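Right, one structure below, let's go through it.
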Amino acid sequence: MGIKYYKPTSAGRRAGSVSDFAECTEPRVNNPEKSLLKPLPKKGGRNHHGIVTRRFRGGGHKQRYRIIDFKRKMDGVEATVVSIQYDPCRSARIALIEYADEVKTKAYILAPDGLKAGDKVMSGETAEPKIGNCMPLSKIPLGLTIHNIELTPGKGGQICRSAGCSAVLGNRDKGQALITMPSGEVRRVSDKCRATLGSVSNPDHMNISLGKAGRKRWMGRKPHNRGTSQNPVDHPMGGGEGRSKGGRHPCSPTGIMAKGGKTRKKRKPSNKAIVRRRPAGPFQTHNG
């Protein structure tokens, strides 16, 4: 895998780059498994009332959602990796696997970095600790890199699912496991939760440059308008004759302050599961 640079034929092409899709075994025009597809309708950032709840969403290329198996519940059955494919709905690559059961069940999983077509993967307590296998945290050796981590046993992986992400299993004690997250946060999770060994594929995703605004529009993202460029009826920082700095501290359209403090709820129930907080960001304070 790597990044591909084209011979510039325009200003946008000169500044842009794309993935070379070297790890994908399917052709560039993807040939997904039809039984694992479902429609992905466009909502334009609107809820069921038609009200915009997520600004600057709309348009974009038509996509079909690939149904990913985040739970990996078919224990003790060996599966063969059929192909590594591109998924338009996520930054990571996905792997099409076929189980060695009577009906030859197929499923999509997140492809770990280094997994290739023809490899064997397995899930369950009896699986050996190798890349692509899904195991309970109680059975994974300490110090290994993991991804697709459950927070509630049986709910499916929720943590470390984007391209290049991984966490480290640090310690276990009294039915709990300590996991070091990519942000540096150390979280306590039940050792009955499952995780997949290895790091997520496509680590070069973060180095890709879009090159032009149009590529962002293809992804369904519209231009982001500053609050100071809007009218007073649309944003608290809007209005003013000519250019202005807003006349108040930066805030959201609903008036929530944008800088100077943490946004996590102080009484969030999962606070007790955090052993060590992540380092404070540029606009955050250690006091909360």
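Residue numbering restarts at 1 in every chain; chains get A, B, ... in the order shown in the structure tokens, and ligands count up from 1 in that same order.
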*Apply DSSP to the structure's backbone, then extract all residues of segment 1-62 of chain A labelled strand (DSSP E) and return them as a PyMOL selection string.*
chain A and resi 3-4+18-19+37-39
For the residues selected in the previous step, produce a file with N, CA and C atoms as a CSV table (one decimal), in the first residue's frame.
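What follows is the written file result.csv:
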```csv
chain,number,residue,atom,x,y,z
A,3,ILE,N,0.9,5.7,-1.6
A,3,ILE,CA,0.2,6.9,-2.2
A,3,ILE,C,0.6,7.1,-3.6
A,4,LYS,N,-0.3,7.4,-4.5
A,4,LYS,CA,0.0,7.5,-5.9
A,4,LYS,C,-0.2,9.0,-6.2
A,18,VAL,N,-3.8,10.0,-4.3
A,18,VAL,CA,-4.8,9.0,-4.0
A,18,VAL,C,-4.0,7.7,-3.5
A,19,SER,N,-4.8,6.8,-3.0
A,19,SER,CA,-4.2,5.5,-2.6
A,19,SER,C,-3.9,4.7,-3.8
A,37,LEU,N,-24.7,-6.5,0.9
A,37,LEU,CA,-24.9,-5.1,0.6
A,37,LEU,C,-26.3,-4.6,1.0
A,38,LYS,N,-26.4,-3.3,1.3
A,38,LYS,CA,-27.7,-2.8,1.5
A,38,LYS,C,-27.7,-1.3,1.1
A,39,PRO,N,-28.9,-0.7,0.8
A,39,PRO,CA,-28.9,0.7,0.4
A,39,PRO,C,-28.4,1.6,1.5
```
Show me, as CSV, the residues of segment 205-263 of chain A having an atom within 12 Å of segment 5-8 of chain A, each with the closest atom pair and its distance in Å, using only C-alpha atoms.
```
residue,atom,partner,partner_atom,distance
A:Asn207,CA,A:Tyr5,CA,11.9
A:Ile208,CA,A:Tyr5,CA,9.8
A:Ser209,CA,A:Tyr5,CA,9.9
A:Leu210,CA,A:Tyr5,CA,11.3
A:Gly211,CA,A:Pro8,CA,10.9
```
Leaving out segment 96-110 of chain A and any residue of its chain fewer than 4 positions from it, which residues lie within 9 Å of it when counting only C-alpha atoms, given as a short mmCIF file (atom, residue, chain, number, x, y, z; two decimals) with N, CA and C atoms, in the first residue's frame?
```cif
data_model
loop_
_atom_site.label_atom_id
_atom_site.label_comp_id
_atom_site.auth_asym_id
_atom_site.auth_seq_id
_atom_site.Cartn_x
_atom_site.Cartn_y
_atom_site.Cartn_z
N PRO A 32 -18.25 -6.13 -5.10
CA PRO A 32 -18.58 -6.58 -3.75
C PRO A 32 -19.51 -7.79 -3.75
N GLU A 33 -19.59 -8.45 -2.60
CA GLU A 33 -20.51 -9.57 -2.41
C GLU A 33 -21.94 -9.01 -2.28
N SER A 35 -24.78 -10.27 -1.47
CA SER A 35 -25.59 -10.66 -0.31
C SER A 35 -25.25 -9.85 0.92
N LEU A 36 -24.13 -9.11 0.90
CA LEU A 36 -23.69 -8.34 2.05
C LEU A 36 -23.80 -6.84 1.80
N ARG A 66 -21.64 -1.77 2.96
CA ARG A 66 -21.15 -3.14 3.15
C ARG A 66 -21.45 -3.56 4.59
N ILE A 67 -22.16 -4.64 4.80
CA ILE A 67 -22.52 -5.11 6.13
C ILE A 67 -21.29 -5.77 6.75
N ILE A 68 -20.72 -5.13 7.78
CA ILE A 68 -19.50 -5.60 8.42
C ILE A 68 -19.85 -6.41 9.66
N ASP A 69 -19.18 -7.53 9.85
CA ASP A 69 -19.36 -8.35 11.04
C ASP A 69 -18.41 -7.84 12.12
N PHE A 70 -18.93 -6.99 13.01
CA PHE A 70 -18.12 -6.47 14.11
C PHE A 70 -18.14 -7.38 15.33
N ARG A 72 -18.15 -11.06 15.24
CA ARG A 72 -17.31 -12.26 15.06
C ARG A 72 -17.73 -13.37 16.02
N MET A 74 -19.01 -16.47 15.20
CA MET A 74 -18.93 -17.84 14.73
C MET A 74 -17.62 -18.46 15.23
N VAL A 77 -14.78 -21.92 14.06
CA VAL A 77 -14.88 -22.28 12.64
C VAL A 77 -13.85 -21.47 11.87
N GLU A 78 -12.98 -22.17 11.18
CA GLU A 78 -11.93 -21.48 10.43
C GLU A 78 -12.51 -20.83 9.18
N ALA A 79 -12.02 -19.66 8.87
CA ALA A 79 -12.49 -18.93 7.70
C ALA A 79 -11.30 -18.56 6.82
N THR A 80 -11.51 -18.56 5.53
CA THR A 80 -10.48 -18.21 4.56
C THR A 80 -10.75 -16.83 3.99
N VAL A 81 -9.70 -16.02 3.90
CA VAL A 81 -9.84 -14.68 3.33
C VAL A 81 -9.92 -14.82 1.81
N VAL A 82 -11.08 -14.45 1.27
CA VAL A 82 -11.30 -14.55 -0.17
C VAL A 82 -10.63 -13.39 -0.90
N SER A 83 -10.83 -12.17 -0.37
CA SER A 83 -10.27 -10.99 -1.04
C SER A 83 -10.21 -9.83 -0.07
N ILE A 84 -9.36 -8.87 -0.38
CA ILE A 84 -9.29 -7.60 0.33
C ILE A 84 -9.89 -6.54 -0.60
N GLN A 85 -10.88 -5.80 -0.11
CA GLN A 85 -11.63 -4.90 -0.97
C GLN A 85 -11.64 -3.48 -0.43
N ALA A 92 -10.85 2.32 6.20
CA ALA A 92 -10.08 1.07 6.23
C ALA A 92 -10.50 0.16 5.07
N ALA A 117 -5.17 -12.27 0.88
CA ALA A 117 -6.09 -13.29 0.39
C ALA A 117 -5.45 -14.67 0.54
N LYS A 120 -5.87 -17.62 6.80
CA LYS A 120 -6.91 -18.22 7.62
C LYS A 120 -7.12 -17.37 8.87
N VAL A 121 -8.39 -17.15 9.23
CA VAL A 121 -8.72 -16.42 10.45
C VAL A 121 -9.75 -17.23 11.23
N MET A 122 -9.81 -16.96 12.54
CA MET A 122 -10.73 -17.67 13.41
C MET A 122 -11.10 -16.77 14.57
N GLY A 132 -5.65 -10.95 12.68
CA GLY A 132 -6.95 -11.25 12.08
C GLY A 132 -7.85 -12.10 12.93
N ASN A 148 -10.80 -3.02 16.77
CA ASN A 148 -12.20 -3.46 16.78
C ASN A 148 -12.58 -4.00 18.16
N ARG A 161 -11.56 1.44 14.80
CA ARG A 161 -12.09 0.84 13.58
C ARG A 161 -11.70 1.61 12.32
N VAL A 200 -5.50 -1.74 12.20
CA VAL A 200 -6.38 -1.62 11.04
C VAL A 200 -5.56 -1.27 9.80
N SER A 201 -6.00 -1.76 8.66
CA SER A 201 -5.28 -1.57 7.41
C SER A 201 -5.34 -0.14 6.91
#
```
*Contacts of Gly44 of chain A at 8 Å or less, counting only C-alpha atoms, minus same-chain residues fewer than 4 places along, as a PyMOL selection string?*
chain A and resi 52+57-59
*Compile the contact shell of Val186 of chain A as number ranges by chain: residues with an atom at most 7 Å away, counting only C-alpha atoms, same-chain residues fewer than 3 positions apart removed.*
A: 178-181, 274-277
_Can you tell me which residues surround Glu150 of chain A at a distance of at most 8 Å, considering only C-alpha atoms, apart from same-chain residues fewer than 6 positions away, and format the answer as a VMD selection string?_
chain A and resid 156 to 159 193 to 195
For the residues in the current selection, export C-alpha atoms as a JSON list (two decimals), in the first residue's frame.
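Okay, result-v4.json is ready:
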```json
[["chain", "number", "residue", "atom", "x", "y", "z"],
["A", 156, "GLY", "CA", -19.63, -5.72, 18.75],
["A", 157, "GLY", "CA", -16.46, -3.72, 18.21],
["A", 158, "GLN", "CA", -16.73, 0.03, 18.77],
["A", 159, "ILE", "CA", -13.16, 1.24, 19.35],
["A", 193, "CYS", "CA", -15.10, -8.19, 25.61],
["A", 194, "ARG", "CA", -13.61, -9.24, 22.30],
["A", 195, "ALA", "CA", -10.97, -7.63, 20.15]]
```
*Return the single residue from A:Cys160, A:Ile256, A:Leu144, A:Ile94 that is closest to Met237 of chain A, with distances computed using only C-alpha atoms.*
A:Ile256
_Let's see if you can do this: from backbone DSSP, list all alpha helix (DSSP H) residues in segment 85-232 of chain A, as a ChimeraX atom specification._
/A:213-218
*Which residue gives the smallest distance to His224 of chain A among A:Thr9, A:Glu128, A:Phe56, A:Lys42, with only C-alpha atoms counted?*
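Checking each candidate against His224 of chain A, we get A:Phe56 as the closest.
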*Which residue out of A:Gly170, A:Gly238, A:Pro153, A:Gly124 has the minimum interatomic distance to Asp75 of chain A when only C-alpha atoms are used?*
A:Gly124
*Find the residues around Leu142 of chain A up to 12 Å (only C-alpha atoms counted), leave out those fewer than 5 positions away in its own chain, and share them as a VMD selection string.*
chain A and resid 129 137 167 to 173 177 to 180 191 197
Store the residues of this selection in a file with N, CA and C atoms, as a PDB file, in the first residue's frame.
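Writing done, so here's again09.pdb:
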```pdb
ATOM      1  N   PRO A 129      -3.303 -16.600  18.982  1.00  0.00           N
ATOM      2  CA  PRO A 129      -3.100 -15.140  18.878  1.00  0.00           C
ATOM      3  C   PRO A 129      -2.281 -14.750  17.646  1.00  0.00           C
ATOM      4  N   LEU A 137     -10.570 -10.594  25.519  1.00  0.00           N
ATOM      5  CA  LEU A 137      -9.387  -9.937  26.079  1.00  0.00           C
ATOM      6  C   LEU A 137      -8.704 -10.811  27.129  1.00  0.00           C
ATOM      7  N   ALA A 167      -4.871  -0.202  19.426  1.00  0.00           N
ATOM      8  CA  ALA A 167      -4.704   0.000  20.851  1.00  0.00           C
ATOM      9  C   ALA A 167      -3.794  -1.100  21.382  1.00  0.00           C
ATOM     10  N   VAL A 168      -3.371  -0.945  22.628  1.00  0.00           N
ATOM     11  CA  VAL A 168      -2.446  -1.914  23.240  1.00  0.00           C
ATOM     12  C   VAL A 168      -3.079  -2.459  24.509  1.00  0.00           C
ATOM     13  N   LEU A 169      -3.092  -3.783  24.627  1.00  0.00           N
ATOM     14  CA  LEU A 169      -3.601  -4.421  25.830  1.00  0.00           C
ATOM     15  C   LEU A 169      -2.508  -4.379  26.896  1.00  0.00           C
ATOM     16  N   GLY A 170      -2.781  -3.642  27.984  1.00  0.00           N
ATOM     17  CA  GLY A 170      -1.741  -3.400  28.977  1.00  0.00           C
ATOM     18  C   GLY A 170      -1.703  -4.380  30.123  1.00  0.00           C
ATOM     19  N   ASN A 171      -2.845  -4.612  30.783  1.00  0.00           N
ATOM     20  CA  ASN A 171      -2.844  -5.422  31.991  1.00  0.00           C
ATOM     21  C   ASN A 171      -4.235  -5.999  32.206  1.00  0.00           C
ATOM     22  N   ARG A 172      -4.316  -7.015  33.077  1.00  0.00           N
ATOM     23  CA  ARG A 172      -5.594  -7.613  33.457  1.00  0.00           C
ATOM     24  C   ARG A 172      -5.615  -7.812  34.964  1.00  0.00           C
ATOM     25  N   ASP A 173      -6.804  -7.563  35.561  1.00  0.00           N
ATOM     26  CA  ASP A 173      -6.921  -7.732  37.006  1.00  0.00           C
ATOM     27  C   ASP A 173      -8.391  -7.801  37.386  1.00  0.00           C
ATOM     28  N   ALA A 177      -9.673  -5.493  32.025  1.00  0.00           N
ATOM     29  CA  ALA A 177      -8.469  -5.323  31.219  1.00  0.00           C
ATOM     30  C   ALA A 177      -8.217  -3.839  31.015  1.00  0.00           C
ATOM     31  N   LEU A 178      -6.950  -3.445  31.050  1.00  0.00           N
ATOM     32  CA  LEU A 178      -6.566  -2.056  30.813  1.00  0.00           C
ATOM     33  C   LEU A 178      -6.067  -1.917  29.383  1.00  0.00           C
ATOM     34  N   ILE A 179      -6.664  -0.981  28.657  1.00  0.00           N
ATOM     35  CA  ILE A 179      -6.326  -0.783  27.249  1.00  0.00           C
ATOM     36  C   ILE A 179      -5.843   0.644  27.056  1.00  0.00           C
ATOM     37  N   THR A 180      -4.699   0.788  26.395  1.00  0.00           N
ATOM     38  CA  THR A 180      -4.183   2.111  26.051  1.00  0.00           C
ATOM     39  C   THR A 180      -4.703   2.492  24.673  1.00  0.00           C
ATOM     40  N   ASP A 191     -12.831  -8.097  30.657  1.00  0.00           N
ATOM     41  CA  ASP A 191     -12.006  -9.014  29.867  1.00  0.00           C
ATOM     42  C   ASP A 191     -12.838 -10.031  29.101  1.00  0.00           C
ATOM     43  N   LEU A 197      -6.843  -9.028  16.728  1.00  0.00           N
ATOM     44  CA  LEU A 197      -5.413  -8.775  16.824  1.00  0.00           C
ATOM     45  C   LEU A 197      -4.901  -8.047  15.587  1.00  0.00           C
TER      46      LEU A 197
END
```
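Checking A:Ala15, A:Val233, A:Met135, A:Leu115 one by one against Gly154 of chain A, counting only C-alpha atoms, you find the shortest gap at A:Met135.
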